[in-house]
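Visitor: Below you'll find run_11.pdb; it's PDB, C-alpha atoms.
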```pdb
MODEL        1
ATOM      1  CA  MET A   6     -10.347 -11.692 -21.119
ATOM      2  CA  ASN A   7      -9.865  -8.187 -22.490
ATOM      3  CA  LEU A   8      -6.654  -6.182 -22.136
ATOM      4  CA  GLU A   9      -8.048  -3.780 -19.537
ATOM      5  CA  SER A  10      -9.131  -6.677 -17.336
ATOM      6  CA  LEU A  11      -5.676  -8.252 -17.663
ATOM      7  CA  TYR A  12      -4.058  -4.954 -16.629
ATOM      8  CA  GLN A  13      -6.353  -4.723 -13.601
ATOM      9  CA  ASP A  14      -5.361  -8.267 -12.643
ATOM     10  CA  ILE A  15      -1.651  -7.360 -12.881
ATOM     11  CA  ILE A  16      -2.142  -4.323 -10.631
ATOM     12  CA  LEU A  17      -4.116  -6.360  -8.100
ATOM     13  CA  ASP A  18      -1.496  -9.114  -8.125
ATOM     14  CA  HIS A  19       1.274  -6.613  -7.335
ATOM     15  CA  TYR A  20      -0.879  -5.073  -4.609
ATOM     16  CA  LYS A  21      -1.697  -8.405  -2.971
ATOM     17  CA  ASN A  22       1.755  -9.959  -3.560
ATOM     18  CA  PRO A  23       4.222  -7.071  -3.400
ATOM     19  CA  ARG A  24       7.699  -7.634  -4.780
ATOM     20  CA  GLY A  25      10.727  -6.114  -3.030
ATOM     21  CA  ARG A  26       8.731  -4.731  -0.116
ATOM     22  CA  ALA A  27      11.279  -4.330   2.683
ATOM     23  CA  LEU A  28      13.550  -1.564   3.840
ATOM     24  CA  LEU A  29      17.300  -1.902   3.340
ATOM     25  CA  SER A  30      19.656  -2.459   6.254
ATOM     26  CA  GLU A  31      22.142   0.145   4.979
ATOM     27  CA  PRO A  32      20.554   2.534   2.477
ATOM     28  CA  ALA A  33      22.656   5.141   0.702
ATOM     29  CA  GLY A  34      19.599   7.311   0.118
ATOM     30  CA  GLU A  35      16.007   7.464   1.271
ATOM     31  CA  SER A  36      12.909   9.412   0.361
ATOM     32  CA  HIS A  37       9.543   9.464   2.074
ATOM     33  CA  GLN A  38       6.762  10.801  -0.147
ATOM     34  CA  VAL A  39       3.127  11.481   0.679
ATOM     35  CA  ASN A  40       0.272  12.204  -1.686
ATOM     36  CA  PRO A  41      -1.685  14.824   0.298
ATOM     37  CA  THR A  42      -4.729  14.351  -1.921
ATOM     38  CA  CYS A  43      -5.399  10.793  -0.795
ATOM     39  CA  GLY A  44      -2.929  10.034   1.975
ATOM     40  CA  ASP A  45      -0.841   7.426   0.128
ATOM     41  CA  GLU A  46       2.669   7.139   1.585
ATOM     42  CA  VAL A  47       5.834   5.413   0.466
ATOM     43  CA  THR A  48       9.405   5.305   1.683
ATOM     44  CA  VAL A  49      11.943   4.220  -0.916
ATOM     45  CA  GLN A  50      15.532   3.395  -0.061
ATOM     46  CA  VAL A  51      18.397   2.813  -2.477
ATOM     47  CA  ALA A  52      21.979   1.625  -2.448
ATOM     48  CA  LEU A  53      24.438   0.148  -4.909
ATOM     49  CA  ASP A  54      25.639  -3.437  -4.752
ATOM     50  CA  ALA A  55      29.275  -4.451  -5.267
ATOM     51  CA  ALA A  56      28.760  -4.469  -9.044
ATOM     52  CA  GLY A  57      27.366  -0.914  -9.019
ATOM     53  CA  ASN A  58      23.783  -1.991  -9.630
ATOM     54  CA  VAL A  59      20.767  -0.537  -7.870
ATOM     55  CA  VAL A  60      19.395  -2.154  -4.739
ATOM     56  CA  VAL A  61      15.963  -0.830  -3.816
ATOM     57  CA  GLY A  62      13.680  -1.367  -0.884
ATOM     58  CA  TYR A  63      10.404   0.235   0.056
ATOM     59  CA  GLU A  64       7.486   0.232   2.409
ATOM     60  CA  GLY A  65       4.257   2.131   2.259
ATOM     61  CA  GLN A  66       0.555   2.261   2.661
ATOM     62  CA  GLY A  67      -2.245   3.449   0.486
ATOM     63  CA  CYS A  68      -4.362   2.495  -2.460
ATOM     64  CA  SER A  69      -3.786  -0.491  -4.683
ATOM     65  CA  ILE A  70      -2.389   1.729  -7.441
ATOM     66  CA  SER A  71       0.358   3.362  -5.368
ATOM     67  CA  GLN A  72       1.378   0.132  -3.679
ATOM     68  CA  ALA A  73       1.281  -1.928  -6.886
ATOM     69  CA  SER A  74       3.316   0.768  -8.603
ATOM     70  CA  ALA A  75       5.968   0.495  -5.864
ATOM     71  CA  SER A  76       6.073  -3.271  -6.355
ATOM     72  CA  VAL A  77       6.438  -2.925 -10.128
ATOM     73  CA  MET A  78       9.110  -0.231  -9.668
ATOM     74  CA  SER A  79      11.091  -2.460  -7.322
ATOM     75  CA  GLU A  80      10.860  -5.417  -9.659
ATOM     76  CA  LEU A  81      11.873  -3.392 -12.712
ATOM     77  CA  VAL A  82      14.863  -1.403 -11.413
ATOM     78  CA  ALA A  83      16.455  -3.664  -8.792
ATOM     79  CA  GLY A  84      19.693  -5.148 -10.051
ATOM     80  CA  LEU A  85      20.100  -2.740 -12.957
ATOM     81  CA  ALA A  86      22.746  -0.130 -13.596
ATOM     82  CA  PRO A  87      21.493   3.303 -12.483
ATOM     83  CA  ALA A  88      21.241   4.569 -16.078
ATOM     84  CA  GLN A  89      19.028   1.619 -17.034
ATOM     85  CA  GLY A  90      16.768   2.286 -14.058
ATOM     86  CA  ASP A  91      16.567   5.959 -15.047
ATOM     87  CA  GLU A  92      15.459   4.947 -18.545
ATOM     88  CA  ILE A  93      12.665   2.795 -17.127
ATOM     89  CA  ARG A  94      11.600   5.528 -14.691
ATOM     90  CA  ARG A  95      11.442   8.100 -17.508
ATOM     91  CA  ALA A  96       9.397   5.686 -19.651
ATOM     92  CA  PHE A  97       6.944   5.125 -16.785
ATOM     93  CA  VAL A  98       6.589   8.860 -16.111
ATOM     94  CA  GLU A  99       6.026   9.449 -19.828
ATOM     95  CA  LEU A 100       3.367   6.714 -19.865
ATOM     96  CA  MET A 101       1.547   8.418 -16.992
ATOM     97  CA  HIS A 102       1.337  11.636 -19.010
ATOM     98  CA  THR A 103      -0.262  10.089 -22.119
ATOM     99  CA  LYS A 104      -3.851  10.148 -20.836
ATOM    100  CA  GLY A 105      -4.053   6.443 -21.641
ATOM    101  CA  ALA A 106      -3.420   6.933 -25.350
ATOM    102  CA  ALA A 107       0.045   5.339 -25.430
ATOM    103  CA  GLU A 108       1.154   1.988 -26.711
ATOM    104  CA  PRO A 109       3.524   1.149 -23.849
ATOM    105  CA  ASP A 110       6.667  -0.858 -24.567
ATOM    106  CA  GLU A 111       6.433  -4.069 -22.558
ATOM    107  CA  ASP A 112      10.122  -4.768 -23.186
ATOM    108  CA  VAL A 113      10.977  -1.601 -21.231
ATOM    109  CA  LEU A 114       8.124  -1.427 -18.715
ATOM    110  CA  GLY A 115       7.276  -5.068 -18.039
ATOM    111  CA  ASP A 116       4.253  -5.151 -15.742
ATOM    112  CA  GLY A 117       4.349  -1.340 -15.734
ATOM    113  CA  VAL A 118       2.340  -1.431 -18.971
ATOM    114  CA  ALA A 119      -0.679  -2.264 -16.817
ATOM    115  CA  PHE A 120      -0.746   1.352 -15.634
ATOM    116  CA  VAL A 121      -1.695   2.690 -19.089
ATOM    117  CA  GLY A 122      -5.331   2.609 -17.982
ATOM    118  CA  VAL A 123      -4.486   4.564 -14.821
ATOM    119  CA  ALA A 124      -3.131   7.369 -17.021
ATOM    120  CA  LYS A 125      -6.728   8.067 -18.128
ATOM    121  CA  TYR A 126      -7.600   9.286 -14.624
ATOM    122  CA  PRO A 127      -5.716  12.438 -13.566
ATOM    123  CA  ALA A 128      -6.516  11.907  -9.879
ATOM    124  CA  ARG A 129      -4.857   8.458  -9.971
ATOM    125  CA  ILE A 130      -1.708   9.464 -11.865
ATOM    126  CA  LYS A 131      -0.159  10.871  -8.683
ATOM    127  CA  CYS A 132      -0.824   7.561  -6.948
ATOM    128  CA  ALA A 133       1.052   5.655  -9.640
ATOM    129  CA  LEU A 134       3.932   8.144  -9.773
ATOM    130  CA  LEU A 135       4.479   8.406  -6.003
ATOM    131  CA  PRO A 136       7.028   5.562  -5.621
ATOM    132  CA  TRP A 137       8.817   6.538  -8.832
ATOM    133  CA  MET A 138       9.298  10.101  -7.583
ATOM    134  CA  ALA A 139      10.509   8.721  -4.254
ATOM    135  CA  LEU A 140      12.996   6.534  -6.147
ATOM    136  CA  GLN A 141      14.285   9.518  -8.086
ATOM    137  CA  ASP A 142      14.632  11.594  -4.908
ATOM    138  CA  ALA A 143      16.337   8.775  -2.970
ATOM    139  CA  GLU A 144      18.813   8.268  -5.808
ATOM    140  CA  ALA A 145      19.538  11.995  -5.959
ATOM    141  CA  LYS A 146      20.195  12.042  -2.205
ATOM    142  CA  ALA A 147      22.553   9.078  -2.602
ATOM    143  CA  GLY A 148      24.278  10.508  -5.676
ATOM    144  CA  ILE A 149      23.022   7.553  -7.732
ATOM    145  CA  GLY A 150      21.561   7.821 -11.201
ATOM    146  CA  SER A 151      22.300   9.833 -14.256
ATOM    147  CA  ASP A 152      19.035  11.750 -14.492
ATOM    148  CA  GLN A 153      18.282  14.359 -11.893
ATOM    149  CA  GLU A 154      15.663  16.395 -13.784
ATOM    150  CA  GLY A 155      12.324  17.037 -12.160
ATOM    151  CA  THR A 156      13.198  15.772  -8.692
ATOM    152  CA  SER A 157      10.063  17.168  -7.108
ATOM    153  CA  ALA A 158       7.263  14.881  -6.035
ATOM    154  CA  PRO A 159       4.128  14.532  -8.165
TER     155      PRO A 159
ENDMDL
END
```
Could you write out this structure as structure tokens?

Guide:
Amino acid sequence: MNLESLYQDIILDHYKNPRGRALLSEPAGESHQVNPTCGDEVTVQVALDAAGNVVVGYEGQGCSISQASASVMSELVAGLAPAQGDEIRRAFVELMHTKGAAEPDEDVLGDGVAFVGVAKYPARIKCALLPWMALQDAEAKAGIGSDQEGTSAP
């Protein structure tokens, strides 16, 4: 099995078996984002737990890339300190702007490395970034997170 096939399998697994897909009962912040190009939608909600770590929930509809990206995002940032989640979000955004030429850091991005192939297709980058931009916006609305640069949607 080649690497690209493995990455496709990871994306399909997250699409078919989403992690963290549920809205929160008491969110501190929420963002609903739509990709007007293709119609993908995602709502991301955030809060902090008693230890000050990020709690994230989401729901959405759209292509396998946007929905798998939301699943990966949820899995990667839930339970982390806001600054750690910001670091992962920045690394994912950076990966999406490499045109597929990056060597992604699996220690930072986990299953997010599977999206390196998506970065080769400009029309699909917005799909992958949609939940991450919603996360950033929801955190900004809740006053969570240390990085508030570039809060606009993709």

Visitor: Hey, what comes out of the PyMOL selection byres ((chain A and resi 91) around 9) on this file? Could you write it as a list of chain:residue names?

Guide: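 When the PyMOL selection byres ((chain A and resi 91) around 9) is applied to the shown file, the picked residues are A:Val82, A:Ala86, A:Pro87, A:Ala88, A:Gln89, A:Gly90, A:Glu92, A:Ile93, A:Arg94, A:Arg95, A:Ala96, A:Gln141, A:Gly150, A:Ser151, A:Asp152.
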
Visitor: Run the PyMOL selection byres ((chain A and resi 97) around 10) against the file shown and list the residues it catches, as a PyMOL selection string.

Guide: chain A and resi 74+78+91-96+98-102+109-110+113-114+117-118+120-121+133-134+137

Visitor: Can you pull out the residues contacting Pro136 in chain A? Cut-off 10 Å, using all atoms listed in the file, and skip same-chain residues under 2 positions away; I want them as a PyMOL selection string.

Guide: chain A and resi 36-39+45-49+63-65+71-79+131-134+138-142+158-159

Visitor: Save out the residues we just selected, C-alpha atoms, as a short mmCIF file (atom, residue, chain, number, x, y, z; two decimals), in the coordinates of the input.

Guide:
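Saved file result02.cif follows:
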```cif
data_model
loop_
_atom_site.label_atom_id
_atom_site.label_comp_id
_atom_site.auth_asym_id
_atom_site.auth_seq_id
_atom_site.Cartn_x
_atom_site.Cartn_y
_atom_site.Cartn_z
CA SER A 36 12.91 9.41 0.36
CA HIS A 37 9.54 9.46 2.07
CA GLN A 38 6.76 10.80 -0.15
CA VAL A 39 3.13 11.48 0.68
CA ASP A 45 -0.84 7.43 0.13
CA GLU A 46 2.67 7.14 1.58
CA VAL A 47 5.83 5.41 0.47
CA THR A 48 9.40 5.30 1.68
CA VAL A 49 11.94 4.22 -0.92
CA TYR A 63 10.40 0.24 0.06
CA GLU A 64 7.49 0.23 2.41
CA GLY A 65 4.26 2.13 2.26
CA SER A 71 0.36 3.36 -5.37
CA GLN A 72 1.38 0.13 -3.68
CA ALA A 73 1.28 -1.93 -6.89
CA SER A 74 3.32 0.77 -8.60
CA ALA A 75 5.97 0.50 -5.86
CA SER A 76 6.07 -3.27 -6.36
CA VAL A 77 6.44 -2.92 -10.13
CA MET A 78 9.11 -0.23 -9.67
CA SER A 79 11.09 -2.46 -7.32
CA LYS A 131 -0.16 10.87 -8.68
CA CYS A 132 -0.82 7.56 -6.95
CA ALA A 133 1.05 5.66 -9.64
CA LEU A 134 3.93 8.14 -9.77
CA MET A 138 9.30 10.10 -7.58
CA ALA A 139 10.51 8.72 -4.25
CA LEU A 140 13.00 6.53 -6.15
CA GLN A 141 14.28 9.52 -8.09
CA ASP A 142 14.63 11.59 -4.91
CA ALA A 158 7.26 14.88 -6.04
CA PRO A 159 4.13 14.53 -8.16
#
```

Visitor: State, in Å with one decimal place, the distance from CA of Gly67 in chain A to CA of Asp54 in chain A.

Guide: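 Computed distance, CA of Gly67 in chain A to CA of Asp54 in chain A, equals 29.2 Å.
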
Visitor: How would you write, as an MDAnalysis selection string, the residues chosen by the PyMOL selection byres ((chain A and resi 19) around 10) on this structure?

Guide: chainID A and resid 14:18 20:24 69:70 72:77 80 116

Visitor: What gap, in Å, lies between CA of Leu85 in chain A and CA of Val59 in chain A?

Guide: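 Value for the CA of Leu85 in chain A-CA of Val59 in chain A distance: 5.6 Å.
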
Visitor: Ranking A:Arg129, A:Lys146, A:Lys104, A:Arg26 by minimum distance to Asn40 in chain A and counting all atoms listed in the file, which one comes first?

Guide: A:Arg129

Visitor: List the neighbours of Gly34 in chain A out to 8 Å using all atoms listed in the file; skip same-chain residues closer than 2 positions along the sequence, and give me the result as an MDAnalysis selection string.

Guide: chainID A and resid 32 36 50:52 143:147

Visitor: Could you check which of A:Ala107, A:Ala119, A:Cys68, A:Leu53 is closest to Leu8 in chain A, using all atoms listed in the file?

Guide: A:Ala119

Visitor: When you count all atoms listed in the file, which of these residues is closest to Val61 in chain A: A:Leu135, A:Ile149, A:Ala124, A:Ile130?

Guide: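 Smallest distance to Val61 in chain A is found for A:Ile149.
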
Visitor: As an exercise, work out the distance from CA of Asp112 in chain A to CA of Lys125 in chain A in Å and give it to one decimal place.

Guide: 21.8 Å

Visitor: Can you spit out range 75-157 of chain A with C-alpha atoms, as a PDB file, in the first residue's frame, from the structure just given?

Guide:
```pdb
ATOM      1  CA  ALA A  75     -13.678  18.254  11.275  1.00  0.00           C
ATOM      2  CA  SER A  76     -13.270  14.794  12.789  1.00  0.00           C
ATOM      3  CA  VAL A  77      -9.473  15.059  12.762  1.00  0.00           C
ATOM      4  CA  MET A  78      -9.665  18.589  14.216  1.00  0.00           C
ATOM      5  CA  SER A  79     -11.905  17.408  17.041  1.00  0.00           C
ATOM      6  CA  GLU A  80      -9.663  14.472  17.822  1.00  0.00           C
ATOM      7  CA  LEU A  81      -6.496  16.571  17.790  1.00  0.00           C
ATOM      8  CA  VAL A  82      -7.516  19.615  19.859  1.00  0.00           C
ATOM      9  CA  ALA A  83     -10.061  18.270  22.355  1.00  0.00           C
ATOM     10  CA  GLY A  84      -8.596  18.072  25.831  1.00  0.00           C
ATOM     11  CA  LEU A  85      -5.610  20.301  25.103  1.00  0.00           C
ATOM     12  CA  ALA A  86      -4.710  23.688  26.498  1.00  0.00           C
ATOM     13  CA  PRO A  87      -5.834  26.434  24.091  1.00  0.00           C
ATOM     14  CA  ALA A  88      -2.239  27.323  23.154  1.00  0.00           C
ATOM     15  CA  GLN A  89      -1.524  23.707  22.191  1.00  0.00           C
ATOM     16  CA  GLY A  90      -4.647  23.611  20.035  1.00  0.00           C
ATOM     17  CA  ASP A  91      -3.589  26.874  18.376  1.00  0.00           C
ATOM     18  CA  GLU A  92      -0.211  25.338  17.532  1.00  0.00           C
ATOM     19  CA  ILE A  93      -1.887  22.358  15.872  1.00  0.00           C
ATOM     20  CA  ARG A  94      -4.332  24.598  13.989  1.00  0.00           C
ATOM     21  CA  ARG A  95      -1.475  26.767  12.683  1.00  0.00           C
ATOM     22  CA  ALA A  96       0.449  23.650  11.595  1.00  0.00           C
ATOM     23  CA  PHE A  97      -2.608  22.341   9.727  1.00  0.00           C
ATOM     24  CA  VAL A  98      -3.218  25.687   8.005  1.00  0.00           C
ATOM     25  CA  GLU A  99       0.458  25.826   7.033  1.00  0.00           C
ATOM     26  CA  LEU A 100       0.228  22.285   5.633  1.00  0.00           C
ATOM     27  CA  MET A 101      -2.733  23.310   3.477  1.00  0.00           C
ATOM     28  CA  HIS A 102      -0.661  26.096   1.924  1.00  0.00           C
ATOM     29  CA  THR A 103       2.279  23.899   0.856  1.00  0.00           C
ATOM     30  CA  LYS A 104       0.729  22.649  -2.395  1.00  0.00           C
ATOM     31  CA  GLY A 105       1.428  19.112  -1.206  1.00  0.00           C
ATOM     32  CA  ALA A 106       5.185  19.616  -1.038  1.00  0.00           C
ATOM     33  CA  ALA A 107       5.490  19.464   2.761  1.00  0.00           C
ATOM     34  CA  GLU A 108       6.772  16.730   4.994  1.00  0.00           C
ATOM     35  CA  PRO A 109       4.079  17.006   7.674  1.00  0.00           C
ATOM     36  CA  ASP A 110       4.987  16.318  11.297  1.00  0.00           C
ATOM     37  CA  GLU A 111       2.890  13.367  12.439  1.00  0.00           C
ATOM     38  CA  ASP A 112       3.780  14.098  16.066  1.00  0.00           C
ATOM     39  CA  VAL A 113       1.971  17.447  15.757  1.00  0.00           C
ATOM     40  CA  LEU A 114      -0.749  16.647  13.215  1.00  0.00           C
ATOM     41  CA  GLY A 115      -1.574  12.998  13.875  1.00  0.00           C
ATOM     42  CA  ASP A 116      -4.096  11.884  11.263  1.00  0.00           C
ATOM     43  CA  GLY A 117      -4.007  15.438   9.886  1.00  0.00           C
ATOM     44  CA  VAL A 118      -0.934  14.423   7.873  1.00  0.00           C
ATOM     45  CA  ALA A 119      -3.331  12.611   5.544  1.00  0.00           C
ATOM     46  CA  PHE A 120      -4.429  15.983   4.164  1.00  0.00           C
ATOM     47  CA  VAL A 121      -1.026  16.679   2.565  1.00  0.00           C
ATOM     48  CA  GLY A 122      -2.407  15.272  -0.685  1.00  0.00           C
ATOM     49  CA  VAL A 123      -5.447  17.560  -0.466  1.00  0.00           C
ATOM     50  CA  ALA A 124      -3.085  20.554  -0.430  1.00  0.00           C
ATOM     51  CA  LYS A 125      -2.239  19.769  -4.079  1.00  0.00           C
ATOM     52  CA  TYR A 126      -5.769  20.739  -5.138  1.00  0.00           C
ATOM     53  CA  PRO A 127      -6.605  24.422  -4.549  1.00  0.00           C
ATOM     54  CA  ALA A 128     -10.354  23.815  -4.856  1.00  0.00           C
ATOM     55  CA  ARG A 129     -10.218  21.260  -2.008  1.00  0.00           C
ATOM     56  CA  ILE A 130      -8.067  23.294   0.390  1.00  0.00           C
ATOM     57  CA  LYS A 131     -11.088  25.347   1.470  1.00  0.00           C
ATOM     58  CA  CYS A 132     -12.947  22.126   2.236  1.00  0.00           C
ATOM     59  CA  ALA A 133     -10.166  20.946   4.533  1.00  0.00           C
ATOM     60  CA  LEU A 134      -9.755  24.336   6.220  1.00  0.00           C
ATOM     61  CA  LEU A 135     -13.465  24.979   6.854  1.00  0.00           C
ATOM     62  CA  PRO A 136     -13.720  23.347  10.318  1.00  0.00           C
ATOM     63  CA  TRP A 137     -10.360  24.766  11.395  1.00  0.00           C
ATOM     64  CA  MET A 138     -11.484  28.302  10.545  1.00  0.00           C
ATOM     65  CA  ALA A 139     -14.743  27.661  12.394  1.00  0.00           C
ATOM     66  CA  LEU A 140     -12.719  26.495  15.410  1.00  0.00           C
ATOM     67  CA  GLN A 141     -10.617  29.642  15.331  1.00  0.00           C
ATOM     68  CA  ASP A 142     -13.709  31.853  15.047  1.00  0.00           C
ATOM     69  CA  ALA A 143     -15.578  30.001  17.820  1.00  0.00           C
ATOM     70  CA  GLU A 144     -12.573  30.334  20.122  1.00  0.00           C
ATOM     71  CA  ALA A 145     -12.279  34.042  19.348  1.00  0.00           C
ATOM     72  CA  LYS A 146     -15.970  34.528  20.164  1.00  0.00           C
ATOM     73  CA  ALA A 147     -15.466  32.673  23.452  1.00  0.00           C
ATOM     74  CA  GLY A 148     -12.237  34.494  24.303  1.00  0.00           C
ATOM     75  CA  ILE A 149     -10.352  31.183  24.157  1.00  0.00           C
ATOM     76  CA  GLY A 150      -6.999  30.695  22.495  1.00  0.00           C
ATOM     77  CA  SER A 151      -3.851  32.678  22.216  1.00  0.00           C
ATOM     78  CA  ASP A 152      -3.818  33.188  18.458  1.00  0.00           C
ATOM     79  CA  GLN A 153      -6.404  35.441  16.920  1.00  0.00           C
ATOM     80  CA  GLU A 154      -4.669  36.224  13.609  1.00  0.00           C
ATOM     81  CA  GLY A 155      -6.527  35.625  10.386  1.00  0.00           C
ATOM     82  CA  THR A 156      -9.948  34.968  11.889  1.00  0.00           C
ATOM     83  CA  SER A 157     -11.731  35.140   8.561  1.00  0.00           C
TER      84      SER A 157
END
```
